[in-house]
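*Asks:* Got a structure for you, questions after.
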Amino acid sequence: ARAAAEGVPYEEIRARDVSAMALRRIPTEEDVARAVLYLASDASRSTTGATIDVNGGQLFT
C-alpha cells in the first residue's frame, strides 16, 4: 500500500525500511522461534515482566 501510495516499487520501500533497521535485515520465523525457545527454557528463569522485541531493531506501526 505504501509503495502504491508513493508510486514506487515495493522493493524500494523494503530496501528503505531495512536500511533504517539496526540489524539491517528483517527477522525470520526462526528468529522468533529462538526467542520462544529461550523463554521456554531454564535460561530465562530469572526473566520477569520483560518485553522481548524480535524486530531487527525497527518497530513497524
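Here's how to read the names in the C-alpha cells: chain A, B, ... by the order shown, residue numbers from 1 in each chain, ligand numbers from 1 in the order shown.
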Would you pick out the contacts of range 5-22 of chain A at 7 Å or less, using only C-alpha atoms, so that residues sharing its chain but fewer than 4 positions from it are not included, and give the list as a PyMOL selection string?
*Replies:* chain A and resi 1+26+56-58
*Asks:* Would you mind exporting all heavy atoms of the selected residues as a tab-separated table (two decimals), in the first residue's frame?
*Replies:*
```tsv
chain	number	residue	atom	x	y	z
A	1	ALA	N	0.83	-1.19	0.00
A	1	ALA	CA	0.00	0.00	0.00
A	1	ALA	C	0.88	1.26	0.00
A	1	ALA	O	0.57	2.23	-0.70
A	1	ALA	CB	-0.93	-0.01	1.20
A	26	ILE	N	15.43	-8.15	7.97
A	26	ILE	CA	14.12	-8.44	8.51
A	26	ILE	C	14.19	-9.77	9.25
A	26	ILE	O	14.68	-10.76	8.69
A	26	ILE	CB	13.06	-8.47	7.39
A	26	ILE	CG1	12.95	-7.08	6.77
A	26	ILE	CG2	11.72	-8.96	7.92
A	26	ILE	CD1	12.03	-7.01	5.56
A	56	GLY	N	14.47	-6.82	14.71
A	56	GLY	CA	15.63	-6.33	14.00
A	56	GLY	C	16.02	-4.90	14.36
A	56	GLY	O	16.82	-4.27	13.68
A	57	GLY	N	15.41	-4.37	15.39
A	57	GLY	CA	15.73	-3.01	15.80
A	57	GLY	C	14.81	-1.96	15.21
A	57	GLY	O	15.07	-0.77	15.32
A	58	GLN	N	13.73	-2.37	14.59
A	58	GLN	CA	12.79	-1.43	13.97
A	58	GLN	C	11.38	-1.79	14.38
A	58	GLN	O	10.97	-2.93	14.23
A	58	GLN	CB	12.91	-1.46	12.45
A	58	GLN	CG	11.96	-0.53	11.73
A	58	GLN	CD	12.27	0.93	11.94
A	58	GLN	OE1	13.40	1.29	12.18
A	58	GLN	NE2	11.29	1.78	11.86
```
*Asks:* List as an NGL selection string the protein and nucleic acid residues near range 36-40 of chain A, meaning an atom at most 12 Å away when only C-alpha atoms are counted, but skip any in the same chain fewer than 3 places from it.
*Replies:* :A and (29-33 or 43-54)
